[in-house]
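Data file: target.tsv. Format and content: TSV, C-alpha atoms.
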chain	number	residue	atom	x	y	z
H	1	ARG	CA	42.81	130.94	27.45
H	2	LYS	CA	43.34	134.13	29.42
H	3	GLU	CA	41.49	134.40	32.73
H	4	VAL	CA	39.55	137.40	31.44
H	5	GLU	CA	39.68	138.60	27.85
H	6	GLN	CA	37.90	141.59	26.35
H	7	ASP	CA	37.29	143.02	22.90
H	8	PRO	CA	40.28	145.07	21.85
H	9	GLY	CA	39.44	148.73	21.37
H	10	PRO	CA	39.14	151.50	20.85
H	11	PHE	CA	35.49	151.87	19.92
H	12	ASN	CA	34.74	155.23	18.32
H	13	VAL	CA	31.02	155.91	18.09
H	14	PRO	CA	28.77	158.95	17.53
H	15	GLU	CA	26.47	160.26	20.24
H	16	GLY	CA	23.25	158.30	20.38
H	17	ALA	CA	24.77	155.09	19.07
H	18	THR	CA	24.36	151.68	20.68
H	19	VAL	CA	27.60	149.88	21.44
H	20	ALA	CA	28.33	146.44	22.87
H	21	PHE	CA	31.46	145.09	24.54
H	22	ASN	CA	32.24	141.41	24.91
H	23	CYS	CA	34.19	139.56	27.56
H	24	THR	CA	35.10	135.89	28.00
H	25	TYR	CA	36.38	134.26	31.17
H	26	SER	CA	38.10	130.96	31.88
H	27	ASN	CA	37.00	130.12	35.45
H	28	SER	CA	33.75	128.20	35.06
H	29	ALA	CA	33.22	128.27	38.84
H	30	SER	CA	32.78	132.06	38.94
H	31	GLN	CA	29.34	133.04	40.20
H	32	SER	CA	29.39	136.81	40.01
H	33	PHE	CA	30.73	139.26	37.51
H	34	PHE	CA	31.29	142.98	37.32
H	35	TRP	CA	31.78	145.80	34.88
H	36	TYR	CA	33.96	148.64	36.09
H	37	ARG	CA	34.61	151.97	34.44
H	38	GLN	CA	37.98	153.75	34.42
H	39	ASP	CA	38.34	157.35	33.27
H	40	CYS	CA	41.71	158.55	31.98
H	41	ARG	CA	43.75	156.11	34.10
H	42	LYS	CA	42.01	157.27	37.28
H	43	GLU	CA	40.68	154.83	39.84
H	44	PRO	CA	38.20	152.22	38.53
H	45	LYS	CA	34.64	152.46	39.73
H	46	LEU	CA	31.93	149.82	39.75
H	47	LEU	CA	29.40	150.23	36.95
H	48	MET	CA	27.30	147.07	37.21
H	49	SER	CA	27.17	143.72	38.96
H	50	VAL	CA	25.88	140.58	37.24
H	51	TYR	CA	24.78	137.64	39.40
H	52	SER	CA	22.31	135.78	37.22
H	53	SER	CA	21.55	135.94	33.53
H	54	GLY	CA	21.75	139.69	33.33
H	55	ASN	CA	21.17	143.11	34.78
H	56	GLU	CA	19.77	146.37	33.44
H	57	ASP	CA	20.35	149.88	34.76
H	58	GLY	CA	19.00	152.68	32.62
H	59	ARG	CA	20.93	152.76	29.34
H	60	PHE	CA	23.24	149.96	30.45
H	61	THR	CA	22.50	146.24	30.11
H	62	ALA	CA	24.83	143.45	31.14
H	63	GLN	CA	24.20	139.88	30.00
H	64	LEU	CA	25.74	136.62	31.13
H	65	ASN	CA	25.99	133.35	29.25
H	66	ARG	CA	27.43	130.77	31.64
H	67	ALA	CA	27.51	127.97	29.08
H	68	SER	CA	29.76	130.01	26.81
H	69	GLN	CA	31.52	131.78	29.71
H	70	TYR	CA	30.73	135.08	28.12
H	71	ILE	CA	29.60	138.46	29.47
H	72	SER	CA	28.50	141.47	27.48
H	73	LEU	CA	27.82	145.13	28.23
H	74	LEU	CA	25.40	147.06	26.03
H	75	ILE	CA	25.23	150.85	26.14
H	76	ARG	CA	22.25	152.48	24.43
H	77	ASP	CA	21.95	156.13	23.40
H	78	SER	CA	25.64	156.80	24.03
H	79	LYS	CA	26.56	160.11	25.68
H	80	LEU	CA	29.83	162.01	25.48
H	81	SER	CA	30.25	161.31	29.19
H	82	ASP	CA	30.29	157.56	28.48
H	83	SER	CA	33.79	157.94	27.02
H	84	ALA	CA	36.00	155.81	29.25
H	85	THR	CA	37.65	152.41	29.48
H	86	TYR	CA	35.30	149.58	30.47
H	87	LEU	CA	36.76	146.75	32.49
H	88	CYS	CA	35.30	143.26	32.71
H	89	VAL	CA	35.98	141.81	36.17
H	90	VAL	CA	35.68	138.22	37.41
H	91	PRO	CA	36.41	136.78	40.87
H	92	TYR	CA	39.17	134.22	40.65
H	93	ASN	CA	37.90	132.08	43.49
H	94	GLN	CA	35.41	132.32	46.30
H	95	GLY	CA	36.34	135.25	48.49
H	96	GLY	CA	39.58	135.86	46.66
H	97	LYS	CA	40.94	138.28	44.18
H	98	LEU	CA	39.18	140.03	41.35
H	99	ILE	CA	40.73	139.57	37.91
H	100	PHE	CA	40.44	142.54	35.59
H	101	GLY	CA	40.34	142.33	31.82
H	102	GLN	CA	42.64	144.58	29.88
H	103	GLY	CA	39.77	146.99	29.21
H	104	THR	CA	37.95	148.25	26.16
H	105	GLU	CA	38.26	151.95	25.41
H	106	LEU	CA	35.15	153.79	24.28
H	107	SER	CA	35.21	157.23	22.69
H	108	VAL	CA	31.87	158.89	22.01
H	109	LYS	CA	32.06	161.74	19.52
H	110	PRO	CA	29.58	164.61	18.98
F	1	ASN	CA	35.66	161.98	52.90
F	2	ALA	CA	35.82	158.41	54.17
F	3	GLY	CA	37.11	156.93	50.91
F	4	VAL	CA	40.23	154.87	50.34
F	5	MET	CA	43.24	157.11	50.90
F	6	GLN	CA	46.54	156.49	49.19
F	7	ASN	CA	49.77	158.38	49.60
F	8	PRO	CA	51.90	159.59	48.16
F	9	ARG	CA	49.97	160.32	44.99
F	10	HIS	CA	53.20	160.70	43.05
F	11	LEU	CA	56.59	159.31	43.94
F	12	VAL	CA	59.88	159.63	42.07
F	13	ARG	CA	62.74	157.31	42.90
F	14	ARG	CA	66.13	156.58	41.40
F	15	ARG	CA	67.10	153.04	40.52
F	16	GLY	CA	68.13	151.12	43.62
F	17	GLN	CA	66.11	153.20	46.08
F	18	GLU	CA	63.13	152.00	48.08
F	19	ALA	CA	59.51	152.98	47.51
F	20	ARG	CA	56.84	152.79	50.21
F	21	LEU	CA	53.22	153.23	49.25
F	22	ARG	CA	50.53	153.59	51.89
F	23	CYS	CA	46.85	152.82	51.82
F	24	SER	CA	44.16	153.51	54.39
F	25	PRO	CA	40.98	151.55	53.58
F	26	MET	CA	37.49	152.88	53.92
F	27	LYS	CA	36.19	153.00	57.45
F	28	GLY	CA	34.91	149.61	58.47
F	29	HIS	CA	36.70	147.75	55.67
F	30	SER	CA	39.11	145.03	56.68
F	31	HIS	CA	39.97	143.64	53.22
F	32	VAL	CA	42.70	145.39	51.23
F	33	TYR	CA	43.91	144.68	47.70
F	34	TRP	CA	46.83	146.08	45.75
F	35	TYR	CA	46.81	146.28	41.96
F	36	ARG	CA	49.44	147.53	39.54
F	37	GLN	CA	48.72	149.22	36.23
F	38	LEU	CA	51.59	149.57	33.81
F	39	PRO	CA	51.35	152.18	31.05
F	40	GLU	CA	48.92	151.09	28.33
F	41	GLU	CA	48.04	147.91	30.23
F	42	GLY	CA	45.24	146.65	32.44
F	43	LEU	CA	45.10	146.27	36.20
F	44	LYS	CA	47.11	143.34	37.52
F	45	PHE	CA	46.35	141.82	40.91
F	46	MET	CA	49.27	141.84	43.31
F	47	VAL	CA	48.16	140.95	46.83
F	48	TYR	CA	45.09	140.56	49.05
F	49	LEU	CA	45.38	141.22	52.77
F	50	GLN	CA	43.20	141.26	55.82
F	51	LYS	CA	44.31	142.72	59.13
F	52	GLU	CA	47.70	141.18	60.00
F	53	ASN	CA	47.30	138.45	57.38
F	54	ILE	CA	48.33	137.98	53.77
F	55	ILE	CA	45.51	136.02	52.14
F	56	ASP	CA	46.73	135.81	48.55
F	57	GLU	CA	50.05	137.12	47.27
F	58	SER	CA	50.08	135.20	44.02
F	59	GLY	CA	50.49	138.38	41.98
F	60	MET	CA	53.49	139.70	43.87
F	61	PRO	CA	56.91	139.45	42.23
F	62	LYS	CA	59.03	136.97	44.17
F	63	GLU	CA	61.75	139.48	44.98
F	64	ARG	CA	61.88	143.08	46.14
F	65	PHE	CA	58.14	143.44	46.75
F	66	SER	CA	56.39	143.03	50.10
F	67	ALA	CA	53.09	144.08	51.62
F	68	GLU	CA	51.64	144.30	55.08
F	69	PHE	CA	48.43	145.39	56.77
F	70	PRO	CA	49.15	145.80	60.46
F	71	LYS	CA	46.60	145.76	63.24
F	72	GLU	CA	46.96	149.53	63.53
F	73	GLY	CA	47.73	151.86	60.67
F	74	PRO	CA	47.62	151.72	56.91
F	75	SER	CA	48.55	148.94	54.55
F	76	ILE	CA	52.05	149.34	53.12
F	77	LEU	CA	53.36	148.17	49.75
F	78	ARG	CA	57.14	148.20	49.81
F	79	ILE	CA	59.37	147.96	46.77
F	80	GLN	CA	63.06	147.58	47.44
F	81	GLN	CA	65.83	148.40	44.96
F	82	VAL	CA	63.43	149.82	42.42
F	83	VAL	CA	64.07	149.38	38.69
F	84	ARG	CA	62.65	151.29	35.73
F	85	GLY	CA	60.16	148.51	35.08
F	86	ASP	CA	58.53	149.23	38.43
F	87	SER	CA	57.25	152.56	37.08
F	88	ALA	CA	53.47	152.22	37.19
F	89	ALA	CA	50.30	153.29	38.94
F	90	TYR	CA	49.68	151.29	42.09
F	91	PHE	CA	46.05	151.16	43.14
F	92	CYS	CA	44.79	150.08	46.52
F	93	ALA	CA	41.23	148.93	47.01
F	94	SER	CA	39.20	147.88	50.01
F	95	SER	CA	36.01	145.99	50.66
F	96	HIS	CA	33.77	145.26	53.61
F	97	SER	CA	33.52	141.56	52.87
F	98	ARG	CA	34.28	138.99	50.21
F	99	VAL	CA	34.65	140.65	46.84
F	100	ASP	CA	32.43	138.16	45.05
F	101	THR	CA	29.49	139.56	47.00
F	102	GLY	CA	30.42	143.18	47.14
F	103	GLU	CA	32.09	146.15	45.56
F	104	LEU	CA	35.73	147.10	45.56
F	105	PHE	CA	36.42	150.73	46.40
F	106	PHE	CA	39.61	152.07	44.89
F	107	GLY	CA	41.91	154.83	45.99
F	108	GLU	CA	43.17	157.39	43.48
F	109	GLY	CA	46.41	155.49	43.07
F	110	SER	CA	50.08	156.15	43.68
F	111	ARG	CA	52.11	156.84	40.56
F	112	LEU	CA	55.69	155.67	40.86
F	113	THR	CA	58.31	156.92	38.45
F	114	VAL	CA	61.76	155.35	38.54
F	115	LEU	CA	64.50	157.41	36.95

As structure tokens, the full file:
Amino acid sequence: RKEVEQDPGPFNVPEGATVAFNCTYSNSASQSFFWYRQDCRKEPKLLMSVYSSGNEDGRFTAQLNRASQYISLLIRDSKLSDSATYLCVVPYNQGGKLIFGQGTELSVKP
Amino acid sequence: NAGVMQNPRHLVRRRGQEARLRCSPMKGHSHVYWYRQLPEEGLKFMVYLQKENIIDESGMPKERFSAEFPKEGPSILRIQQVVRGDSAAYFCASSHSRVDTGELFFGEGSRLTVL
């Protein structure tokens, strides 16, 4: 099993749609998780942190299922500006490196 | 702007030359990470450094690649005798503390092209 594995993309959705991305991780000891966003191969930026069962921030909801070692990101009412690559990120060990998934590309169309 | 500064932004080298990429972390950050992103691929961890120490270099190729973060000055990623396969975007990131409790701040990246 890969350390971090994401849904292959791309996802092409119309404005206003709800879209969900899935991510699985192999390190059962991981305690915190992150979703980053990367626009057009620019620098990644933190979108959301997930420390317990989930987190919600406006149109974005992240959920965590520790038993299944699974994280999801839900985007409601998609906007054109949501078009980007979404990266699932998991710490490899306490205080160590962050492992990035390969990313899921989202394209929101008018 | 007190963000993570990387230079050069673009670097072109011929096979066999050396490439040096520099990274100045955000003010107050003492943890520096280097990642590599090949075309059409995800970010791959290379090395994690704190001032004067290499904490984790498990992602660094065994040969030709080295990194340092001296007491004074920026972190340097050095690639000797570059080959075409080294062409990639190299991102530096910094954090104030352990990354499992905080956010990584990335620089805009250095794009290396090997001819």

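Atom pair atom CA of H:Phe34 / atom CA of H:Leu80: separated by 22.5 Å.
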
Chain H proximity check over F:Gln17, F:Gln81, F:Ser58, F:Ser87, using all atoms listed in the file: winner is F:Ser58

How many Å separate atom CA of H:Gln38 from atom CA of F:Asp86? 21.4 Å

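Shortest separation to H:Asp77 among H:Pro10, H:Gly103, H:Pro91, H:Gly58 occurs at residue H:Gly58, atoms counted being only C-alpha atoms.
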
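In terms of minimum interatomic distance to H:Arg59, H:Ser78 ranks closest within H:Ser78, H:Asn27, H:Asn22, H:Gln6, counting all atoms listed in the file.
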
Once you count only C-alpha atoms, what closest atom pair and distance in Å to one decimal does each residue of chain H within 7 Å of chain F have, with rows by chain and rising residue number, as a Markdown table?
| residue | atom | partner | partner_atom | distance |
| --- | --- | --- | --- | --- |
| H:Ser32 | CA | F:Asp100 | CA | 6.0 |
| H:Lys42 | CA | F:Glu108 | CA | 6.3 |
| H:Glu43 | CA | F:Glu108 | CA | 5.1 |
| H:Pro44 | CA | F:Phe106 | CA | 6.5 |
| H:Leu46 | CA | F:Glu103 | CA | 6.9 |
| H:Pro91 | CA | F:Asp100 | CA | 5.9 |
| H:Gln94 | CA | F:Asp100 | CA | 6.7 |
| H:Gly95 | CA | F:Arg98 | CA | 4.6 |
| H:Gly96 | CA | F:Val99 | CA | 6.9 |
| H:Lys97 | CA | F:Tyr48 | CA | 6.8 |
| H:Ile99 | CA | F:Phe45 | CA | 6.8 |
| H:Phe100 | CA | F:Leu43 | CA | 6.0 |
| H:Gly101 | CA | F:Gly42 | CA | 6.6 |
| H:Gln102 | CA | F:Gly42 | CA | 4.2 |
| H:Gly103 | CA | F:Gly42 | CA | 6.4 |

Measure the distance from atom CA of H:Ala67 to atom CA of H:Ala20 in Å and round it to one decimal. 19.5 Å

Can you list, as JSON, numbers by chain, every protein, DNA or RNA residue that comes within 12 Å of F:Pro74 when you count only C-alpha atoms, leaving out same-chain residues fewer than 6 positions away? {"F": [4, 5, 6, 7, 20, 21, 22, 23, 24, 25, 26, 27, 29, 30, 31, 32, 49, 50, 51, 52, 67, 68, 92, 94]}

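Considering all atoms listed in the file, the residue among H:Thr104, H:Gln63, H:Gln69, H:Ser26 positioned nearest to H:Asn12 is H:Thr104.
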
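In terms of minimum interatomic distance to F:Leu38, F:Arg84 ranks closest within F:Arg84, F:Arg64, F:His10, F:His96, counting all atoms listed in the file.
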
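Closest approach to H:Leu98 among H:Asp39, H:Glu56, H:Glu3, H:Asp82: H:Glu3, based on all atoms listed in the file.
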